[in-house]
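Listing of structure.txt, compact mmCIF, C-alpha atoms
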# COMPACT_ATOMS: atom_id res chain seq x y z
CA MET A 114 2.05 7.35 37.16
CA LEU A 115 5.05 9.48 36.14
CA MET A 116 6.33 9.69 32.56
CA THR A 117 9.93 10.05 33.80
CA GLU A 118 9.65 6.68 35.56
CA LEU A 119 8.25 4.99 32.45
CA ILE A 120 11.07 6.40 30.30
CA ALA A 121 13.66 5.12 32.78
CA LYS A 122 11.96 1.72 32.95
CA LYS A 123 12.07 1.25 29.19
CA ARG A 124 15.57 2.73 28.92
CA ASP A 125 16.82 0.12 31.39
CA GLY A 126 15.25 -2.79 29.49
CA GLY A 127 11.98 -3.15 31.37
CA THR A 128 8.67 -4.21 29.84
CA LEU A 129 5.81 -1.72 29.91
CA THR A 130 2.47 -3.01 31.14
CA GLU A 131 -0.81 -2.58 29.27
CA GLU A 132 -1.86 0.05 31.81
CA GLU A 133 1.39 1.98 31.38
CA ILE A 134 1.09 1.94 27.60
CA HIS A 135 -2.52 3.16 27.79
CA PHE A 136 -1.33 6.03 30.04
CA LEU A 137 1.43 6.83 27.53
CA ILE A 138 -0.77 6.84 24.41
CA SER A 139 -3.81 8.55 25.88
CA GLY A 140 -1.69 11.18 27.63
CA TYR A 141 0.30 12.02 24.51
CA THR A 142 -2.81 12.14 22.32
CA ARG A 143 -4.50 14.57 24.72
CA GLY A 144 -1.39 16.76 24.91
CA ASP A 145 -0.65 16.03 28.58
CA ILE A 146 2.72 14.45 27.71
CA PRO A 147 5.08 16.84 25.88
CA ASP A 148 6.98 16.00 22.69
CA TYR A 149 10.35 15.96 24.46
CA GLN A 150 9.26 13.21 26.84
CA MET A 151 7.63 11.14 24.09
CA SER A 152 10.81 11.58 22.01
CA ALA A 153 12.83 10.13 24.89
CA MET A 154 10.42 7.18 25.16
CA LEU A 155 10.59 6.51 21.41
CA MET A 156 14.38 6.49 21.55
CA ALA A 157 14.27 4.05 24.46
CA MET A 158 11.94 1.85 22.39
CA TYR A 159 14.30 2.17 19.42
CA PHE A 160 17.19 0.70 21.41
CA ARG A 161 15.23 -1.75 23.60
CA GLY A 162 12.50 -2.82 21.18
CA LEU A 163 8.96 -3.93 22.01
CA ASP A 164 7.93 -7.47 22.87
CA ARG A 165 4.74 -9.03 21.52
CA ASP A 166 2.58 -8.03 24.50
CA GLU A 167 3.82 -4.42 24.35
CA THR A 168 3.15 -4.29 20.60
CA VAL A 169 -0.40 -5.60 21.03
CA ALA A 170 -1.03 -3.08 23.84
CA MET A 171 0.39 -0.22 21.75
CA THR A 172 -1.77 -1.23 18.79
CA MET A 173 -4.98 -1.42 20.81
CA ALA A 174 -4.32 1.84 22.66
CA MET A 175 -3.63 3.66 19.40
CA MET A 176 -6.68 2.09 17.74
CA HIS A 177 -8.91 3.42 20.53
CA SER A 178 -7.31 6.89 20.58
CA GLY A 179 -10.02 8.16 18.20
CA ASP A 180 -13.03 6.96 16.26
CA THR A 181 -13.44 3.37 15.13
CA VAL A 182 -15.61 2.31 12.21
CA ASP A 183 -18.52 -0.04 12.90
CA LEU A 184 -19.25 -2.00 9.72
CA SER A 185 -21.95 -4.19 11.27
CA ARG A 186 -24.66 -2.37 9.32
CA ILE A 187 -23.12 -3.68 6.09
CA SER A 188 -24.23 -7.19 5.16
CA GLY A 189 -21.88 -10.08 4.50
CA VAL A 190 -18.15 -10.44 4.97
CA LYS A 191 -16.11 -7.21 5.12
CA ALA A 192 -12.44 -7.27 4.15
CA ASP A 193 -9.55 -4.84 3.85
CA LYS A 194 -6.14 -4.94 2.21
CA HIS A 195 -2.98 -3.07 3.15
CA SER A 196 0.28 -2.74 1.26
CA THR A 197 3.48 -1.62 2.96
CA GLY A 198 4.16 0.57 -0.07
CA GLY A 199 5.97 0.20 -3.35
CA VAL A 200 6.38 1.49 -6.89
CA GLY A 201 3.65 0.94 -9.48
CA ASP A 202 1.37 -0.62 -6.88
CA LYS A 203 -2.15 -0.24 -8.26
CA THR A 204 -3.35 -3.49 -6.64
CA SER A 205 -6.43 -2.04 -4.90
CA LEU A 206 -7.83 -0.82 -8.23
CA VAL A 207 -7.86 -4.42 -9.49
CA LEU A 208 -8.42 -6.43 -6.31
CA CYS A 209 -11.43 -4.54 -4.92
CA PRO A 210 -13.61 -4.99 -8.04
CA MET A 211 -12.66 -8.68 -8.19
CA MET A 212 -13.61 -9.20 -4.54
CA ALA A 213 -16.91 -7.34 -4.97
CA ALA A 214 -17.73 -9.55 -7.95
CA CYS A 215 -17.04 -12.60 -5.75
CA GLY A 216 -19.36 -11.43 -2.96
CA VAL A 217 -16.89 -9.90 -0.48
CA LYS A 218 -17.43 -6.30 0.67
CA MET A 219 -14.32 -4.09 0.68
CA ALA A 220 -14.60 -1.02 2.93
CA LYS A 221 -11.27 0.66 2.30
CA MET A 222 -9.73 3.86 3.61
CA SER A 223 -6.58 4.90 1.78
CA GLY A 224 -4.02 7.66 1.81
CA ARG A 225 -2.14 9.84 -0.60
CA GLY A 226 1.38 9.15 -1.77
CA LEU A 227 4.48 10.78 -0.28
CA GLY A 228 7.99 10.28 -1.59
CA HIS A 229 8.71 7.48 -4.06
CA THR A 230 5.54 5.48 -3.32
CA GLY A 231 2.22 6.31 -4.99
CA GLY A 232 -1.08 6.69 -3.17
CA THR A 233 -4.32 4.95 -4.15
CA ILE A 234 -6.28 8.18 -3.66
CA ASP A 235 -4.00 10.06 -6.10
CA LYS A 236 -4.44 7.37 -8.74
CA LEU A 237 -8.23 7.39 -8.44
CA GLU A 238 -8.44 11.18 -8.52
CA SER A 239 -6.79 11.13 -11.96
CA ILE A 240 -10.22 9.89 -13.18
CA PRO A 241 -12.25 12.97 -14.20
CA GLY A 242 -14.81 13.88 -11.53
CA PHE A 243 -13.79 11.14 -9.09
CA SER A 244 -13.86 11.98 -5.37
CA CYS A 245 -12.68 10.03 -2.34
CA ALA A 246 -14.22 12.57 0.06
CA LEU A 247 -17.23 10.55 1.20
CA THR A 248 -19.47 11.16 4.18
CA PRO A 249 -19.72 8.13 6.49
CA GLU A 250 -23.30 7.58 5.32
CA ARG A 251 -22.30 7.62 1.65
CA PHE A 252 -19.33 5.34 2.36
CA PHE A 253 -21.57 2.71 3.99
CA GLU A 254 -24.18 3.00 1.23
CA ASN A 255 -21.60 2.51 -1.52
CA VAL A 256 -20.03 -0.53 0.14
CA GLU A 257 -23.46 -2.13 0.57
CA ARG A 258 -24.70 -1.32 -2.95
CA VAL A 259 -21.56 -1.56 -5.10
CA GLY A 260 -19.55 -4.02 -3.02
CA PHE A 261 -16.69 -1.66 -2.24
CA ALA A 262 -15.75 1.94 -1.62
CA ILE A 263 -12.40 3.69 -1.26
CA ALA A 264 -12.40 6.86 0.81
CA SER A 265 -9.87 9.29 2.22
CA GLN A 266 -9.00 8.56 5.82
CA THR A 267 -10.74 10.97 8.18
CA GLY A 268 -8.90 13.05 10.76
CA ASP A 269 -10.77 11.31 13.60
CA ILE A 270 -9.32 7.82 13.12
CA ASP A 271 -6.17 6.93 15.07
CA PRO A 272 -4.99 10.45 16.04
CA ALA A 273 -2.31 8.85 18.22
CA ASP A 274 -0.61 7.39 15.17
CA LYS A 275 -0.58 10.74 13.36
CA LYS A 276 1.13 12.44 16.30
CA ILE A 277 3.54 9.61 17.07
CA TYR A 278 4.54 9.00 13.44
CA ALA A 279 5.27 12.71 12.93
CA LEU A 280 7.57 12.57 15.94
CA ARG A 281 9.23 9.32 14.86
CA ASP A 282 9.92 10.87 11.47
CA VAL A 283 11.98 13.72 12.96
CA THR A 284 13.70 11.79 15.77
CA GLY A 285 15.21 8.91 13.77
CA THR A 286 12.94 6.31 15.41
CA VAL A 287 10.89 5.07 12.44
CA ALA A 288 12.69 1.72 12.15
CA VAL A 289 11.29 -0.02 15.23
CA ARG A 290 9.35 -3.14 14.25
CA GLY A 291 6.89 -2.92 17.13
CA LEU A 292 6.13 0.72 16.28
CA ILE A 293 5.75 -0.11 12.58
CA VAL A 294 3.33 -2.91 13.45
CA SER A 295 1.27 -0.76 15.83
CA SER A 296 1.16 2.12 13.32
CA ILE A 297 -0.18 -0.06 10.50
CA MET A 298 -2.42 -2.38 12.47
CA SER A 299 -4.04 0.27 14.68
CA LYS A 300 -5.39 2.00 11.55
CA LYS A 301 -6.49 -1.25 9.95
CA LEU A 302 -8.25 -2.44 13.10
CA ALA A 303 -9.94 0.94 13.55
CA ALA A 304 -11.33 0.63 10.00
CA GLY A 305 -13.51 -2.25 11.19
CA ALA A 306 -13.03 -5.06 8.64
CA ASP A 307 -13.52 -8.73 9.62
CA ILE A 308 -10.63 -9.83 7.40
CA ILE A 309 -7.32 -8.04 6.88
CA VAL A 310 -4.87 -9.18 4.22
CA LEU A 311 -1.43 -7.58 4.14
CA ASP A 312 1.00 -7.24 1.24
CA VAL A 313 4.43 -6.91 2.86
CA LYS A 314 7.01 -5.91 0.27
CA TYR A 315 10.78 -6.27 0.35
CA GLY A 316 13.55 -5.12 -1.96
CA SER A 317 14.84 -1.85 -3.38
CA GLY A 318 11.37 -0.35 -3.71
CA GLY A 319 9.95 -1.66 -0.44
CA PHE A 320 10.08 -0.35 3.10
CA MET A 321 11.69 -3.60 4.24
CA LYS A 322 14.85 -4.28 2.26
CA THR A 323 15.35 -8.00 2.98
CA PRO A 324 13.03 -11.04 2.90
CA GLU A 325 13.96 -11.80 6.51
CA ASP A 326 12.87 -8.36 7.74
CA ALA A 327 9.67 -8.54 5.68
CA ARG A 328 8.84 -11.98 7.08
CA ALA A 329 9.39 -10.82 10.68
CA LEU A 330 7.18 -7.77 10.14
CA ALA A 331 4.48 -9.84 8.42
CA ARG A 332 4.45 -12.47 11.17
CA GLU A 333 4.04 -9.87 13.89
CA MET A 334 1.27 -7.98 12.05
CA VAL A 335 -0.71 -11.18 11.47
CA ASP A 336 -0.29 -12.23 15.10
CA VAL A 337 -1.43 -8.82 16.37
CA GLY A 338 -4.44 -8.84 14.04
CA ASN A 339 -5.42 -12.34 15.10
CA ALA A 340 -4.98 -11.39 18.77
CA ALA A 341 -7.44 -8.53 18.18
CA GLY A 342 -10.06 -10.99 16.93
CA ARG A 343 -9.67 -10.43 13.20
CA ARG A 344 -8.86 -13.00 10.52
CA CYS A 345 -5.51 -12.05 9.02
CA ALA A 346 -3.03 -13.19 6.41
CA ALA A 347 0.10 -11.67 4.90
CA LEU A 348 1.86 -12.16 1.59
CA ILE A 349 5.58 -11.44 1.35
CA THR A 350 6.22 -10.06 -2.14
CA ASP A 351 9.17 -8.85 -4.20
CA MET A 352 9.50 -5.10 -4.79
CA ASP A 353 13.01 -5.25 -6.23
CA GLU A 354 11.48 -3.91 -9.45
CA PRO A 355 8.24 -1.96 -10.01
CA LEU A 356 4.94 -3.84 -9.96
CA GLY A 357 3.58 -4.07 -13.49
CA TYR A 358 4.89 -1.69 -16.14
CA ALA A 359 3.18 1.65 -15.42
CA VAL A 360 4.37 4.14 -12.78
CA GLY A 361 2.29 7.32 -12.51
CA ASN A 362 -1.30 8.01 -11.57
CA ALA A 363 -3.38 7.96 -14.78
CA LEU A 364 -0.95 5.48 -16.34
CA GLU A 365 -1.56 3.07 -13.47
CA VAL A 366 -5.33 3.45 -13.79
CA ARG A 367 -4.99 2.44 -17.45
CA GLU A 368 -2.97 -0.62 -16.46
CA ALA A 369 -5.52 -1.59 -13.80
CA ILE A 370 -8.32 -1.37 -16.37
CA ASP A 371 -6.31 -3.49 -18.81
CA THR A 372 -5.78 -6.09 -16.07
CA LEU A 373 -9.52 -6.31 -15.39
CA LYS A 374 -9.96 -6.88 -19.13
CA GLY A 375 -7.56 -9.84 -18.90
CA ALA A 376 -4.63 -8.13 -20.59
CA GLY A 377 -2.60 -6.74 -17.69
CA PRO A 378 0.93 -7.61 -16.57
CA ALA A 379 1.48 -11.09 -15.15
CA ASP A 380 2.92 -9.99 -11.80
CA LEU A 381 0.01 -7.64 -11.03
CA ARG A 382 -2.54 -10.28 -12.01
CA GLU A 383 -0.80 -12.96 -9.90
CA LEU A 384 -0.62 -10.67 -6.86
CA CYS A 385 -4.34 -9.90 -7.06
CA LEU A 386 -5.21 -13.58 -7.46
CA ALA A 387 -3.06 -14.48 -4.45
CA LEU A 388 -4.40 -11.70 -2.21
CA GLY A 389 -7.96 -12.41 -3.31
CA SER A 390 -7.55 -16.13 -2.67
CA SER A 391 -6.45 -15.44 0.91
CA ILE A 392 -9.54 -13.27 1.45
CA LEU A 393 -11.91 -15.88 0.02
CA LEU A 394 -10.33 -18.65 2.11
CA LEU A 395 -10.47 -16.59 5.32
CA SER A 396 -14.09 -15.67 4.57
CA GLY A 397 -15.14 -19.26 4.02
CA LEU A 398 -16.39 -18.46 0.51
CA ALA A 399 -13.94 -20.89 -1.10
CA ALA A 400 -13.12 -24.44 -0.05
CA ASP A 401 -9.50 -24.35 -1.19
CA GLU A 402 -6.93 -22.33 -3.11
CA ALA A 403 -7.90 -23.75 -6.50
CA ALA A 404 -11.58 -22.88 -6.02
CA ALA A 405 -10.69 -19.38 -4.82
CA ARG A 406 -8.48 -18.66 -7.81
CA ALA A 407 -11.10 -20.05 -10.20
CA SER A 408 -13.75 -17.67 -8.79
CA LEU A 409 -11.43 -14.69 -9.07
CA GLN A 410 -10.36 -15.57 -12.61
CA ARG A 411 -13.99 -16.00 -13.61
CA SER A 412 -14.73 -12.43 -12.43
CA ILE A 413 -12.23 -11.22 -15.03
CA ASP A 414 -13.25 -13.61 -17.79
CA ASP A 415 -16.98 -12.81 -17.56
CA GLY A 416 -16.46 -9.05 -17.18
CA SER A 417 -18.15 -8.83 -13.77
CA ALA A 418 -15.08 -7.33 -12.06
CA LEU A 419 -14.78 -4.65 -14.74
CA GLU A 420 -18.48 -3.85 -14.33
CA LYS A 421 -17.91 -3.46 -10.58
CA LEU A 422 -15.16 -0.95 -11.34
CA ARG A 423 -17.59 1.03 -13.52
CA GLU A 424 -20.21 1.02 -10.74
CA PHE A 425 -17.60 2.14 -8.22
CA ILE A 426 -16.38 5.04 -10.38
CA ARG A 427 -19.95 6.24 -11.01
CA ALA A 428 -20.84 5.94 -7.32
CA GLN A 429 -17.96 8.27 -6.40
CA GLY A 430 -18.72 10.87 -9.06
CA GLY A 431 -16.20 9.78 -11.68
CA ASP A 432 -16.40 9.29 -15.43
CA ALA A 433 -16.96 5.53 -15.76
CA ALA A 434 -16.49 5.81 -19.54
CA VAL A 435 -12.71 5.70 -18.91
CA THR A 436 -13.05 1.92 -18.65
CA ASP A 437 -13.96 1.78 -22.35
CA ASP A 438 -12.18 4.89 -23.60
CA GLU A 439 -8.88 5.37 -21.80
CA SER A 440 -8.19 8.54 -23.79
CA ARG A 441 -10.60 10.22 -21.37
CA LEU A 442 -7.89 9.93 -18.71
CA PRO A 443 -5.24 12.70 -18.48
CA THR A 444 -2.50 12.27 -21.08
CA ALA A 445 0.96 13.86 -20.96
CA PRO A 446 1.87 15.95 -24.02
CA VAL A 447 5.37 14.45 -24.34
CA GLN A 448 6.24 10.75 -24.70
CA PHE A 449 9.99 10.20 -24.80
CA PRO A 450 11.70 6.79 -25.17
CA VAL A 451 14.61 5.64 -23.01
CA ILE A 452 16.90 3.71 -25.34
CA SER A 453 19.28 0.89 -24.42
CA ASN A 454 22.86 1.44 -25.53
CA CYS A 455 23.85 -2.23 -25.35
CA ASN A 456 22.75 -5.83 -25.89
CA GLY A 457 22.06 -8.18 -23.00
CA TYR A 458 19.49 -8.95 -20.32
CA VAL A 459 17.91 -6.72 -17.72
CA ASN A 460 19.53 -7.86 -14.48
CA HIS A 461 18.02 -5.33 -12.08
CA ILE A 462 15.79 -2.25 -11.97
CA GLN A 463 16.27 0.04 -8.97
CA ALA A 464 12.62 0.37 -7.99
CA GLU A 465 12.95 3.18 -5.47
CA GLN A 466 14.85 5.31 -7.98
CA VAL A 467 12.18 4.59 -10.61
CA GLY A 468 9.61 5.93 -8.16
CA LEU A 469 11.74 9.05 -7.70
CA VAL A 470 11.87 9.59 -11.47
CA SER A 471 8.06 9.72 -11.49
CA LEU A 472 8.12 12.06 -8.49
CA HIS A 473 10.58 14.43 -10.22
CA LEU A 474 8.28 14.52 -13.25
CA GLY A 475 5.47 15.73 -10.98
CA GLY A 476 3.73 12.40 -10.45
CA GLY A 477 4.40 12.28 -6.70
CA ARG A 478 4.85 14.46 -3.63
CA ALA A 479 8.16 15.62 -2.18
CA THR A 480 6.10 17.28 0.60
CA LYS A 481 2.47 17.03 1.71
CA ASP A 482 1.74 20.33 -0.08
CA SER A 483 3.17 19.30 -3.47
CA VAL A 484 0.77 19.48 -6.43
CA ILE A 485 0.55 16.31 -8.54
CA ASP A 486 0.31 16.15 -12.32
CA PRO A 487 -1.91 13.06 -12.86
CA ALA A 488 -0.76 12.53 -16.46
CA VAL A 489 3.01 12.15 -15.99
CA GLY A 490 5.07 9.08 -15.18
CA LEU A 491 6.66 6.27 -17.15
CA VAL A 492 5.90 2.92 -18.72
CA LEU A 493 8.55 0.21 -18.64
CA LYS A 494 9.08 -1.77 -21.83
CA LYS A 495 11.55 -4.22 -20.31
CA LYS A 496 11.63 -5.90 -16.91
CA VAL A 497 14.11 -8.12 -15.08
CA GLY A 498 15.03 -11.18 -17.14
CA ASP A 499 14.00 -9.66 -20.48
CA ALA A 500 16.43 -9.67 -23.39
CA VAL A 501 17.27 -6.26 -24.83
CA ARG A 502 19.16 -5.09 -27.89
CA ALA A 503 20.98 -1.83 -28.42
CA GLY A 504 18.55 0.74 -29.81
CA GLU A 505 15.48 -0.86 -28.21
CA PRO A 506 13.40 1.16 -25.73
CA LEU A 507 13.73 0.25 -22.07
CA ALA A 508 10.84 2.55 -21.14
CA VAL A 509 8.80 5.53 -22.28
CA ILE A 510 8.71 8.75 -20.26
CA HIS A 511 5.39 10.63 -20.08
CA ALA A 512 6.18 14.26 -19.28
CA ALA A 513 4.77 17.78 -19.35
CA THR A 514 7.76 19.19 -21.27
CA GLU A 515 10.56 17.87 -23.45
CA THR A 516 13.15 19.24 -21.03
CA ALA A 517 11.59 17.31 -18.13
CA ALA A 518 11.38 14.19 -20.32
CA LYS A 519 15.07 14.30 -21.24
CA GLN A 520 16.11 14.77 -17.62
CA ALA A 521 13.87 11.89 -16.53
CA ALA A 522 15.24 9.67 -19.32
CA ALA A 523 18.78 10.17 -18.04
CA GLU A 524 17.68 9.36 -14.49
CA LEU A 525 15.68 6.30 -15.55
CA SER A 526 18.45 4.91 -17.74
CA ALA A 527 20.68 4.78 -14.64
CA CYS A 528 18.06 2.61 -12.87
CA PHE A 529 18.63 -0.30 -15.29
CA SER A 530 21.43 -2.84 -14.89
CA ILE A 531 22.07 -4.88 -18.08
CA THR A 532 24.34 -7.93 -18.12
CA ASP A 533 25.42 -10.52 -20.67
CA LYS A 534 23.71 -13.40 -18.87
CA ALA A 535 20.02 -13.73 -18.05
CA PRO A 536 19.50 -13.51 -14.24
CA GLU A 537 17.68 -16.04 -12.12
CA LYS A 538 14.52 -14.35 -10.87
CA PRO A 539 13.41 -15.16 -7.32
CA PRO A 540 9.76 -16.10 -6.80
CA PHE A 541 7.56 -13.01 -6.93
CA ILE A 542 5.49 -14.17 -3.93
CA LEU A 543 7.92 -15.51 -1.37
CA ASP A 544 5.45 -16.78 1.22
CA THR A 545 1.95 -16.51 2.68
CA LEU A 546 1.51 -16.31 6.46
CA ARG A 547 -1.72 -16.88 8.38

Could you show the structure in this file as structure tokens?
Amino acid sequence: MLMTELIAKKRDGGTLTEEEIHFLISGYTRGDIPDYQMSAMLMAMYFRGLDRDETVAMTMAMMHSGDTVDLSRISGVKADKHSTGGVGDKTSLVLCPMMAACGVKMAKMSGRGLGHTGGTIDKLESIPGFSCALTPERFFENVERVGFAIASQTGDIDPADKKIYALRDVTGTVAVRGLIVSSIMSKKLAAGADIIVLDVKYGSGGFMKTPEDARALAREMVDVGNAAGRRCAALITDMDEPLGYAVGNALEVREAIDTLKGAGPADLRELCLALGSSILLLSGLAADEAAARASLQRSIDDGSALEKLREFIRAQGGDAAVTDDESRLPTAPVQFPVISNCNGYVNHIQAEQVGLVSLHLGGGRATKDSVIDPAVGLVLKKKVGDAVRAGEPLAVIHAATETAAKQAAAELSACFSITDKAPEKPPFILDTLR
């Protein structure tokens, strides 16, 4: 089999067979196929696309390019959740304790943030002493005993995706739906869960900018997951403004704790209830949506989800006292309000730019080597649809210096659009696909 022939076949609109795709992925992972030939293939895929069979074959070949996790030693139903990225997305910190309290095991491998989106690992590591660097043995033990664990992804899982994504990033070939699907689903399948629930975001802060693109991506990911023998569902959710109010690592941990105490923002709580309901329904632990939501809500009302969070933090070396004393989390020395200069209603908040404000403060990474300040970020005081009067705060900046705070305030103020008339808000959860 010759790589030049495969490139020409795809370039001319042909469909690659499962055998050809296996040759492509295994050869590139081993280093037998050079970057310049894979770059040509990716560009051919960019213009010709991938059909469903090609996408499934790509996903499975990438999944098997390295280690896969066998969760069979863990009792009960094992589930995983993936978000396509967003701003203020601290969902895992709320959802995993709720699921553990309801009897579902969550064996989750997460990454660090890069660019305007925050990473779950970065948020958790703002807790004093907390570590996501778990040995496989410790990871399995924690999932079995606590009900969930969140660990850094190892270098042995899906090496094909690491190499291919790095090449896509520098060749302008990221935006190929089949490649996006195979990148996400190969890692999720390799992680070994029985159930995979996806949160596919659209809008200014999401990877997909329109509901139509998000729906197409969600449908294909669910179909690929189901074809691989897993039980899958996807929610299509609005990321045209940040999720919740807090953006920034320690600030988002505080908001997650508040949510588990029953006092968090409505959109974050609703997202966790909806994702959790899908998991309970797919697992057979709830007869219908109403029963699933009742179980999840009960885990908040009776404190069992919050207790699971405490167990989880202790099990990974962290200071579980942060759940009762949030002052133990890192706190920025400067809090600076962003003041509205007019009356009206918040019509729009540019979510991606809000994420960049946090990044510029030091709360995110411009490059993989950037050092994060866990204390900085921002807390919104107004969201879309809220009335605002001149002189009221739109948000509060949490910064290391007053100079940084003033610069961030100017940037954040430009993210808000205020109009005379209250806007009509679209539904936060557009659809659920199974």

Rounded to one decimal, what separation in Å do you get between CA of Ala523 (chain A) and CA of Phe541 (chain A)? 28.0 Å

Residue contacts of His461 (chain A) (9 Å, all atoms listed in the file) excluding same-chain residues fewer than 5 positions away, as a ChimeraX atom specification: /A:353-354,496-498,528-531,536

In terms of the shortest atom-to-atom distance over all atoms listed in the file, which of A:Asp544, A:Glu257, A:Asp164, A:Glu238 is closest to Gly291 (chain A)? A:Asp164

Compile the contact shell of Tyr159 (chain A) as a PyMOL selection string: residues with an atom at most 8 Å away, counting all atoms listed in the file, same-chain residues fewer than 3 positions apart removed. chain A and resi 155-156+162+286+288-289

Writer output for current selection, C-alpha atoms, as a compact mmCIF listing (two decimals), in the coordinates of the input:
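Generated output (out.txt):
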# COMPACT_ATOMS: atom_id res chain seq x y z
CA LEU A 155 10.59 6.51 21.41
CA MET A 156 14.38 6.49 21.55
CA GLY A 162 12.50 -2.82 21.18
CA THR A 286 12.94 6.31 15.41
CA ALA A 288 12.69 1.72 12.15
CA VAL A 289 11.29 -0.02 15.23

What lies within 8 Å of Leu364 (chain A) using only C-alpha atoms, ignoring chain neighbours under 3 positions off, as a ChimeraX atom specification? /A:359-361,367-368,488-492

The residues within 6 Å of (7.6, 1.2, -9.8), using all atoms listed in the file and the coordinates of the file, should be reported as an mmCIF file with C-alpha atoms, in the frame of the given file; which are they?
data_model
loop_
_atom_site.group_PDB
_atom_site.id
_atom_site.type_symbol
_atom_site.label_atom_id
_atom_site.label_comp_id
_atom_site.auth_asym_id
_atom_site.auth_seq_id
_atom_site.Cartn_x
_atom_site.Cartn_y
_atom_site.Cartn_z
ATOM 1 C CA VAL A 200 6.380 1.490 -6.890
ATOM 2 C CA GLY A 201 3.650 0.940 -9.480
ATOM 3 C CA PRO A 355 8.240 -1.960 -10.010
ATOM 4 C CA LEU A 356 4.940 -3.840 -9.960
ATOM 5 C CA VAL A 360 4.370 4.140 -12.780
ATOM 6 C CA ALA A 464 12.620 0.370 -7.990
ATOM 7 C CA VAL A 467 12.180 4.590 -10.610
ATOM 8 C CA GLY A 468 9.610 5.930 -8.160
#

Of the listed residues A:Thr117, A:Thr233, A:Gln466, A:Ser483, that which approaches Gly318 (chain A) most closely, counting all atoms listed in the file: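 For Gly318 (chain A), the nearest of the candidates is A:Gln466.
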
Pick from A:Val283, A:Ala303, A:Ala535, A:Leu546: nearest to Met334 (chain A), with all atoms listed in the file counted?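 Looking at the shortest contact to Met334 (chain A), the residue is A:Leu546.
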
How many Å separate CA of Ile234 (chain A) from CA of Val190 (chain A)?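 Separating CA of Ile234 (chain A) from CA of Val190 (chain A) is a distance of 23.7 Å.
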
Taking the point (0.1, 5.1, 40.3) as given in the file, collect each protein or nucleic acid residue that comes within 12 Å of it, counting all atoms listed in the file, and present the set as JSON, numbers by chain. {"A": [114, 115, 116, 118, 119, 132, 133, 136]}

I'd like the neighbourhood of Leu393 (chain A) as a ChimeraX atom specification, where a residue qualifies if any of its atoms comes within 12 Å (using all atoms listed in the file), though same-chain residues fewer than 3 positions away should be ignored. /A:190-193,208,211-218,308-310,344-346,385-390,396-409

Okay, now the selection with C-alpha atoms, as a short mmCIF file (atom, residue, chain, number, x, y, z; two decimals), in the coordinates of the input?
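Wrote part-v9.cif, looks like this:
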data_model
loop_
_atom_site.label_atom_id
_atom_site.label_comp_id
_atom_site.auth_asym_id
_atom_site.auth_seq_id
_atom_site.Cartn_x
_atom_site.Cartn_y
_atom_site.Cartn_z
CA VAL A 190 -18.15 -10.44 4.97
CA LYS A 191 -16.11 -7.21 5.12
CA ALA A 192 -12.44 -7.27 4.15
CA ASP A 193 -9.55 -4.84 3.85
CA LEU A 208 -8.42 -6.43 -6.31
CA MET A 211 -12.66 -8.68 -8.19
CA MET A 212 -13.61 -9.20 -4.54
CA ALA A 213 -16.91 -7.34 -4.97
CA ALA A 214 -17.73 -9.55 -7.95
CA CYS A 215 -17.04 -12.60 -5.75
CA GLY A 216 -19.36 -11.43 -2.96
CA VAL A 217 -16.89 -9.90 -0.48
CA LYS A 218 -17.43 -6.30 0.67
CA ILE A 308 -10.63 -9.83 7.40
CA ILE A 309 -7.32 -8.04 6.88
CA VAL A 310 -4.87 -9.18 4.22
CA ARG A 344 -8.86 -13.00 10.52
CA CYS A 345 -5.51 -12.05 9.02
CA ALA A 346 -3.03 -13.19 6.41
CA CYS A 385 -4.34 -9.90 -7.06
CA LEU A 386 -5.21 -13.58 -7.46
CA ALA A 387 -3.06 -14.48 -4.45
CA LEU A 388 -4.40 -11.70 -2.21
CA GLY A 389 -7.96 -12.41 -3.31
CA SER A 390 -7.55 -16.13 -2.67
CA SER A 396 -14.09 -15.67 4.57
CA GLY A 397 -15.14 -19.26 4.02
CA LEU A 398 -16.39 -18.46 0.51
CA ALA A 399 -13.94 -20.89 -1.10
CA ALA A 400 -13.12 -24.44 -0.05
CA ASP A 401 -9.50 -24.35 -1.19
CA GLU A 402 -6.93 -22.33 -3.11
CA ALA A 403 -7.90 -23.75 -6.50
CA ALA A 404 -11.58 -22.88 -6.02
CA ALA A 405 -10.69 -19.38 -4.82
CA ARG A 406 -8.48 -18.66 -7.81
CA ALA A 407 -11.10 -20.05 -10.20
CA SER A 408 -13.75 -17.67 -8.79
CA LEU A 409 -11.43 -14.69 -9.07
#

Choose the residue, out of A:Met222, A:Cys209, A:Ile240, A:Leu184, that has the smallest atom-to-atom separation from Gly260 (chain A); count all atoms listed in the file.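 Checking each of A:Met222, A:Cys209, A:Ile240, A:Leu184 against Gly260 (chain A), counting all atoms listed in the file, the winner is A:Cys209.
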